[in-house]
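Structure data (compact mmCIF, C-alpha atoms) from data_12.txt:
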# COMPACT_ATOMS: atom_id res chain seq x y z
CA GLU A 216 139.33 130.40 116.39
CA ILE A 217 141.94 130.60 119.15
CA PHE A 218 144.13 133.69 119.54
CA LYS A 219 147.78 132.69 119.21
CA GLU A 220 150.81 134.70 120.37
CA SER A 221 154.34 133.71 121.33
CA ARG A 222 153.78 134.65 124.99
CA GLY A 223 150.59 132.58 125.32
CA ASN A 224 147.49 131.49 123.41
CA GLY A 225 143.79 131.73 124.16
CA PRO A 226 141.55 134.13 126.08
CA ARG A 227 142.87 136.54 128.74
CA GLY A 228 139.75 137.61 130.69
CA CYS A 229 137.31 135.87 133.01
CA PRO A 230 133.61 135.41 132.18
CA THR A 231 131.09 137.43 134.20
CA THR A 232 127.89 135.87 135.54
CA ASP A 233 124.60 137.64 136.13
CA ASP A 234 121.62 135.61 137.36
CA LYS A 235 120.92 133.05 134.61
CA VAL A 236 123.29 134.40 131.95
CA LEU A 237 127.02 134.58 131.39
CA TYR A 238 129.03 137.27 129.59
CA ALA A 239 132.40 136.56 128.02
CA GLU A 240 134.87 138.51 125.89
CA ASP A 241 137.42 136.69 123.78
CA SER A 242 140.88 137.84 122.75
CA PHE A 243 139.58 139.18 119.43
CA GLY A 244 136.99 141.41 121.13
CA ASN A 245 133.89 139.31 120.52
CA VAL A 246 131.50 139.84 123.43
CA VAL A 247 128.80 137.22 123.93
CA CYS A 248 125.84 136.75 126.23
CA LEU A 249 125.09 133.07 126.86
CA ASN A 250 122.39 131.14 128.66
CA ALA A 251 124.26 129.75 131.68
CA ALA A 252 122.20 126.54 131.75
CA ASP A 253 122.98 125.30 128.25
CA GLY A 254 125.48 127.75 126.69
CA LYS A 255 123.02 128.95 124.04
CA GLN A 256 124.03 132.32 122.58
CA ILE A 257 121.59 135.15 123.27
CA TRP A 258 123.56 137.92 121.55
CA LYS A 259 127.02 138.75 120.23
CA VAL A 260 128.78 142.08 119.64
CA SER A 261 132.22 142.74 118.16
CA LEU A 262 134.25 145.51 119.83
CA GLU A 263 135.66 146.25 116.38
CA SER A 264 132.13 147.21 115.27
CA LEU A 265 132.20 149.82 118.06
CA GLY A 266 135.32 151.43 116.60
CA GLY A 267 137.80 149.41 118.63
CA LYS A 268 141.11 147.90 117.58
CA ARG A 269 142.57 144.81 119.23
CA PRO A 270 145.68 145.73 121.25
CA HIS A 271 148.88 143.80 120.49
CA TRP A 272 148.50 141.33 123.38
CA ALA A 273 144.77 140.96 122.66
CA TYR A 274 141.66 142.10 124.51
CA SER A 275 142.09 141.01 128.12
CA GLU A 276 139.32 142.53 130.23
CA SER A 277 136.47 140.89 132.08
CA PRO A 278 133.14 142.58 131.17
CA MET A 279 131.42 144.36 134.08
CA VAL A 280 127.70 144.19 134.80
CA MET A 281 126.26 147.51 136.00
CA GLY A 282 122.51 147.58 136.53
CA LYS A 283 120.90 147.15 133.11
CA ALA A 284 124.23 147.57 131.31
CA LEU A 285 127.33 145.58 130.47
CA ILE A 286 130.50 147.71 130.49
CA VAL A 287 133.22 146.85 127.95
CA THR A 288 136.30 148.63 126.59
CA PRO A 289 136.63 148.63 122.80
CA GLY A 290 139.00 151.60 122.82
CA GLY A 291 139.19 153.86 119.78
CA LYS A 292 137.56 156.64 117.84
CA ASN A 293 133.90 156.05 118.74
CA GLY A 294 134.56 156.03 122.48
CA ALA A 295 136.99 153.91 124.49
CA ILE A 296 134.42 152.64 127.01
CA ALA A 297 130.96 151.41 126.07
CA ALA A 298 127.77 150.50 127.92
CA LEU A 299 125.73 147.80 126.22
CA ASP A 300 122.17 146.81 127.05
CA LYS A 301 122.87 143.55 128.86
CA LYS A 302 119.74 141.89 127.45
CA THR A 303 120.26 142.78 123.78
CA GLY A 304 123.84 144.01 123.29
CA THR A 305 122.58 147.33 121.91
CA VAL A 306 124.85 150.31 122.60
CA ILE A 307 123.51 152.61 125.33
CA TRP A 308 126.47 155.00 125.21
CA GLN A 309 130.15 155.28 124.35
CA SER A 310 132.60 157.65 126.04
CA LYS A 311 133.03 159.96 123.05
CA GLU A 312 135.37 162.33 124.93
CA VAL A 313 137.77 159.44 125.53
CA THR A 314 139.12 157.87 122.32
CA THR A 315 142.30 156.28 123.67
CA GLY A 316 143.20 152.75 122.64
CA ALA A 317 142.25 149.83 124.86
CA ALA A 318 144.84 148.36 127.21
CA TYR A 319 144.65 145.17 129.30
CA SER A 320 142.83 145.93 132.56
CA SER A 321 139.21 145.53 133.60
CA PRO A 322 136.84 148.38 134.52
CA ILE A 323 135.60 148.88 138.07
CA LEU A 324 132.59 150.74 139.47
CA ALA A 325 133.19 152.97 142.49
CA ASP A 326 131.02 155.30 144.59
CA ILE A 327 133.29 158.07 145.81
CA GLY A 328 131.85 161.01 147.71
CA GLY A 329 128.35 160.03 146.62
CA LYS A 330 129.30 160.02 142.92
CA LYS A 331 129.30 156.69 141.09
CA GLN A 332 131.96 156.38 138.44
CA ILE A 333 133.48 153.82 136.10
CA ILE A 334 137.27 153.75 136.40
CA GLN A 335 139.37 152.07 133.73
CA GLY A 336 142.98 151.94 132.62
CA LEU A 337 143.67 152.62 128.95
CA ALA A 338 146.87 153.04 126.97
CA ALA A 339 148.95 155.55 129.01
CA ARG A 340 145.86 156.90 130.78
CA LEU A 341 143.58 156.16 133.74
CA VAL A 342 140.09 157.59 133.29
CA SER A 343 136.85 157.97 135.20
CA VAL A 344 133.58 158.30 133.31
CA ASP A 345 129.98 158.89 134.34
CA PRO A 346 127.98 155.62 134.42
CA GLU A 347 124.90 157.44 133.12
CA ASN A 348 126.35 158.70 129.84
CA GLY A 349 130.08 157.96 129.56
CA LYS A 350 131.07 161.61 130.07
CA LEU A 351 134.68 162.06 131.18
CA LEU A 352 134.97 163.03 134.85
CA TRP A 353 138.76 163.00 135.37
CA ASP A 354 141.93 161.34 134.11
CA MET A 355 145.49 160.60 135.18
CA LYS A 356 148.61 160.02 133.10
CA ASP A 357 151.39 159.58 135.69
CA GLY A 358 152.03 155.93 136.50
CA MET A 359 150.41 154.78 133.26
CA ALA A 360 152.33 152.93 130.54
CA ASP A 361 151.04 152.32 127.02
CA ILE A 362 150.85 148.66 128.02
CA TYR A 363 148.70 148.96 131.14
CA CYS A 364 147.67 145.67 132.76
CA THR A 365 146.77 146.31 136.40
CA THR A 366 143.15 146.95 137.33
CA PRO A 367 142.94 150.25 139.28
CA ALA A 368 142.46 150.09 143.05
CA VAL A 369 140.19 152.25 145.24
CA SER A 370 140.23 152.97 148.96
CA GLY A 371 137.96 155.69 150.30
CA ASP A 372 138.55 158.74 148.10
CA ILE A 373 141.92 157.50 146.76
CA VAL A 374 142.30 155.78 143.36
CA VAL A 375 145.67 154.23 142.50
CA GLY A 376 147.01 153.33 139.06
CA THR A 377 150.30 151.56 138.46
CA SER A 378 152.21 149.95 135.60
CA GLY A 379 155.58 148.65 134.47
CA TYR A 380 158.08 150.08 131.96
CA ASN A 381 159.49 152.45 134.63
CA LYS A 382 156.29 154.50 134.70
CA GLY A 383 155.74 154.17 138.46
CA THR A 384 152.58 154.47 140.55
CA ALA A 385 150.29 157.45 141.11
CA ALA A 386 147.15 158.24 143.07
CA MET A 387 144.23 160.57 142.59
CA LYS A 388 142.23 162.10 145.42
CA VAL A 389 138.66 162.13 144.19
CA ALA A 390 135.97 164.59 145.27
CA GLY A 391 132.74 163.53 143.57
CA ALA A 392 133.09 164.21 139.85
CA THR A 393 136.53 165.88 140.10
CA ALA A 394 139.97 164.73 141.19
CA THR A 395 143.50 166.00 141.83
CA GLN A 396 146.74 164.04 141.96
CA ALA A 397 147.56 163.01 145.53
CA TRP A 398 151.03 161.58 144.93
CA PHE A 399 153.36 160.02 142.39
CA GLU A 400 156.09 157.44 143.11
CA PRO A 401 158.23 156.82 140.01
CA SER A 402 160.41 154.11 141.63
CA PHE A 403 157.61 151.56 142.18
CA GLY A 404 155.47 150.08 139.42
CA ASN A 405 153.39 146.89 139.22
CA HIS A 406 153.32 145.47 135.69
CA HIS A 407 151.34 142.27 136.33
CA GLY A 408 149.42 140.80 139.23
CA GLY A 409 147.73 143.85 140.72
CA ILE A 410 147.97 145.86 143.91
CA ILE A 411 146.05 145.98 147.19
CA LEU A 412 145.22 149.07 149.23
CA PHE A 413 145.02 148.21 152.94
CA GLU A 414 145.02 150.46 156.00
CA GLY A 415 146.68 153.36 154.22
CA SER A 416 149.35 151.42 152.35
CA VAL A 417 149.79 150.09 148.81
CA TYR A 418 150.95 146.48 148.52
CA GLY A 419 152.25 144.86 145.36
CA THR A 420 155.28 143.49 143.56
CA ASN A 421 157.66 145.77 141.68

Kindly transcribe the structure held in the file into structure tokens.
Amino acid sequence: EIFKESRGNGPRGCPTTDDKVLYAEDSFGNVVCLNAADGKQIWKVSLESLGGKRPHWAYSESPMVMGKALIVTPGGKNGAIAALDKKTGTVIWQSKEVTTGAAYSSPILADIGGKKQIIQGLAARLVSVDPENGKLLWDMKDGMADIYCTTPAVSGDIVVGTSGYNKGTAAMKVAGATATQAWFEPSFGNHHGGIILFEGSVYGTN
């Protein structure tokens, strides 16, 4: 079945490769692990079965491999971000403190001040969770629209989130497992396409 919508049909995310397997997430939230050599399915998990609900424009993330886990974003009541055993699809943890709906960006893994963290944009919220257990570390609401499409950007101890709908751009200064807002610029917001942090500046289209 192909997802159909007036603004465009089909999948929105890119597959992720890991050694001899490939992970893909379709628009309906079906996550599959496939043998890269012949396409044979090894396992399949529905994000709906994890308590998620497909956002209006469909699931759009690219799954992220992290050690023995595959990180996906079902959104919803059971925990917005989930770590699956990458060999079996079994749930390792879900971020039970974070039950926001899924948006349209992909998670990233960052090591800031010696603390590894998964950073992901959700509906009207940018969050950081602990890779070990999904526990919420910090979150940011400025610069975040309900329809959030831009993958967050990291440079040193600064994490930037940005979106359209006149919500602007904001940055968090992260110190290990905690963070405080560094700045907020309401006049600039990147809805699609992403931003780049380079030599102290933020580059992107408005």

Mind dumping a table of every stretch 293-394 of chain A residue within 12 Å of stretch 407-421 of chain A, with the nearest atom pair and its distance in Å to one decimal, using only C-alpha atoms, sorted by chain and rising number, as CSV?
residue,atom,partner,partner_atom,distance
A:Tyr319,CA,A:His407,CA,10.1
A:Ser320,CA,A:Gly409,CA,9.7
A:Ser321,CA,A:Gly409,CA,11.2
A:Ile362,CA,A:His407,CA,10.5
A:Tyr363,CA,A:His407,CA,8.9
A:Cys364,CA,A:His407,CA,6.1
A:Thr365,CA,A:Gly409,CA,5.1
A:Thr366,CA,A:Gly409,CA,6.5
A:Pro367,CA,A:Gly409,CA,8.1
A:Ala368,CA,A:Leu412,CA,6.8
A:Val369,CA,A:Leu412,CA,7.2
A:Ser370,CA,A:Leu412,CA,6.3
A:Gly371,CA,A:Gly415,CA,9.8
A:Asp372,CA,A:Gly415,CA,11.5
A:Ile373,CA,A:Leu412,CA,9.4
A:Val374,CA,A:Leu412,CA,9.4
A:Val375,CA,A:Leu412,CA,8.5
A:Gly376,CA,A:Ile410,CA,9.0
A:Thr377,CA,A:Ile410,CA,8.2
A:Ser378,CA,A:His407,CA,7.8
A:Gly379,CA,A:His407,CA,7.9
A:Tyr380,CA,A:Asn421,CA,10.6
A:Asn381,CA,A:Asn421,CA,9.9
A:Lys382,CA,A:Asn421,CA,11.3
A:Gly383,CA,A:Asn421,CA,9.2
A:Thr384,CA,A:Val417,CA,9.8
A:Ala385,CA,A:Val417,CA,10.7
A:Ala386,CA,A:Val417,CA,10.3

Mind dumping the selected residues with C-alpha atoms as an mmCIF file, in the frame of the given file?
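Just written: result-v2.cif:
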data_model
loop_
_atom_site.group_PDB
_atom_site.id
_atom_site.type_symbol
_atom_site.label_atom_id
_atom_site.label_comp_id
_atom_site.auth_asym_id
_atom_site.auth_seq_id
_atom_site.Cartn_x
_atom_site.Cartn_y
_atom_site.Cartn_z
ATOM 1 C CA TYR A 319 144.650 145.170 129.300
ATOM 2 C CA SER A 320 142.830 145.930 132.560
ATOM 3 C CA SER A 321 139.210 145.530 133.600
ATOM 4 C CA ILE A 362 150.850 148.660 128.020
ATOM 5 C CA TYR A 363 148.700 148.960 131.140
ATOM 6 C CA CYS A 364 147.670 145.670 132.760
ATOM 7 C CA THR A 365 146.770 146.310 136.400
ATOM 8 C CA THR A 366 143.150 146.950 137.330
ATOM 9 C CA PRO A 367 142.940 150.250 139.280
ATOM 10 C CA ALA A 368 142.460 150.090 143.050
ATOM 11 C CA VAL A 369 140.190 152.250 145.240
ATOM 12 C CA SER A 370 140.230 152.970 148.960
ATOM 13 C CA GLY A 371 137.960 155.690 150.300
ATOM 14 C CA ASP A 372 138.550 158.740 148.100
ATOM 15 C CA ILE A 373 141.920 157.500 146.760
ATOM 16 C CA VAL A 374 142.300 155.780 143.360
ATOM 17 C CA VAL A 375 145.670 154.230 142.500
ATOM 18 C CA GLY A 376 147.010 153.330 139.060
ATOM 19 C CA THR A 377 150.300 151.560 138.460
ATOM 20 C CA SER A 378 152.210 149.950 135.600
ATOM 21 C CA GLY A 379 155.580 148.650 134.470
ATOM 22 C CA TYR A 380 158.080 150.080 131.960
ATOM 23 C CA ASN A 381 159.490 152.450 134.630
ATOM 24 C CA LYS A 382 156.290 154.500 134.700
ATOM 25 C CA GLY A 383 155.740 154.170 138.460
ATOM 26 C CA THR A 384 152.580 154.470 140.550
ATOM 27 C CA ALA A 385 150.290 157.450 141.110
ATOM 28 C CA ALA A 386 147.150 158.240 143.070
#

Next item on the list: Go ahead and compute the interatomic distance for atom CA of A:Thr395 and atom CA of A:Gly290, in Å to one decimal.
Entry: 24.3 Å

Notebook entry, point to check: Given the choices A:Ala273, A:Val236, A:Cys248, A:Val280, which gets closest to A:Asn224 if the distance is worked out from all atoms listed in the file?
Noted result: A:Ala273

Next item on the list: List every protein, DNA or RNA residue that has an atom no more than 12 Å from (131.9, 142.1, 124.8) in the file's coordinate frame, counting all atoms listed in the file, and report them as number ranges by chain.
Entry: A: 228-231, 237-249, 258-265, 267, 274-280, 284-289, 296-301, 303-306, 321

Centre and edge lengths of an axis-aligned box around all listed atoms of stretch 273-281 of chain A, with 6 Å added on each side, are to be given in Å to one decimal, as lines of an AutoDock Vina configuration file.
center_x = 135.5
center_y = 144.2
center_z = 129.3
size_x = 30.5
size_y = 18.6
size_z = 25.3

Item checked: Shortest interatomic distance to A:Gly266 - which of A:Val313, A:Ala295, A:Ala252, A:Val389, counting all atoms listed in the file -> A:Ala295
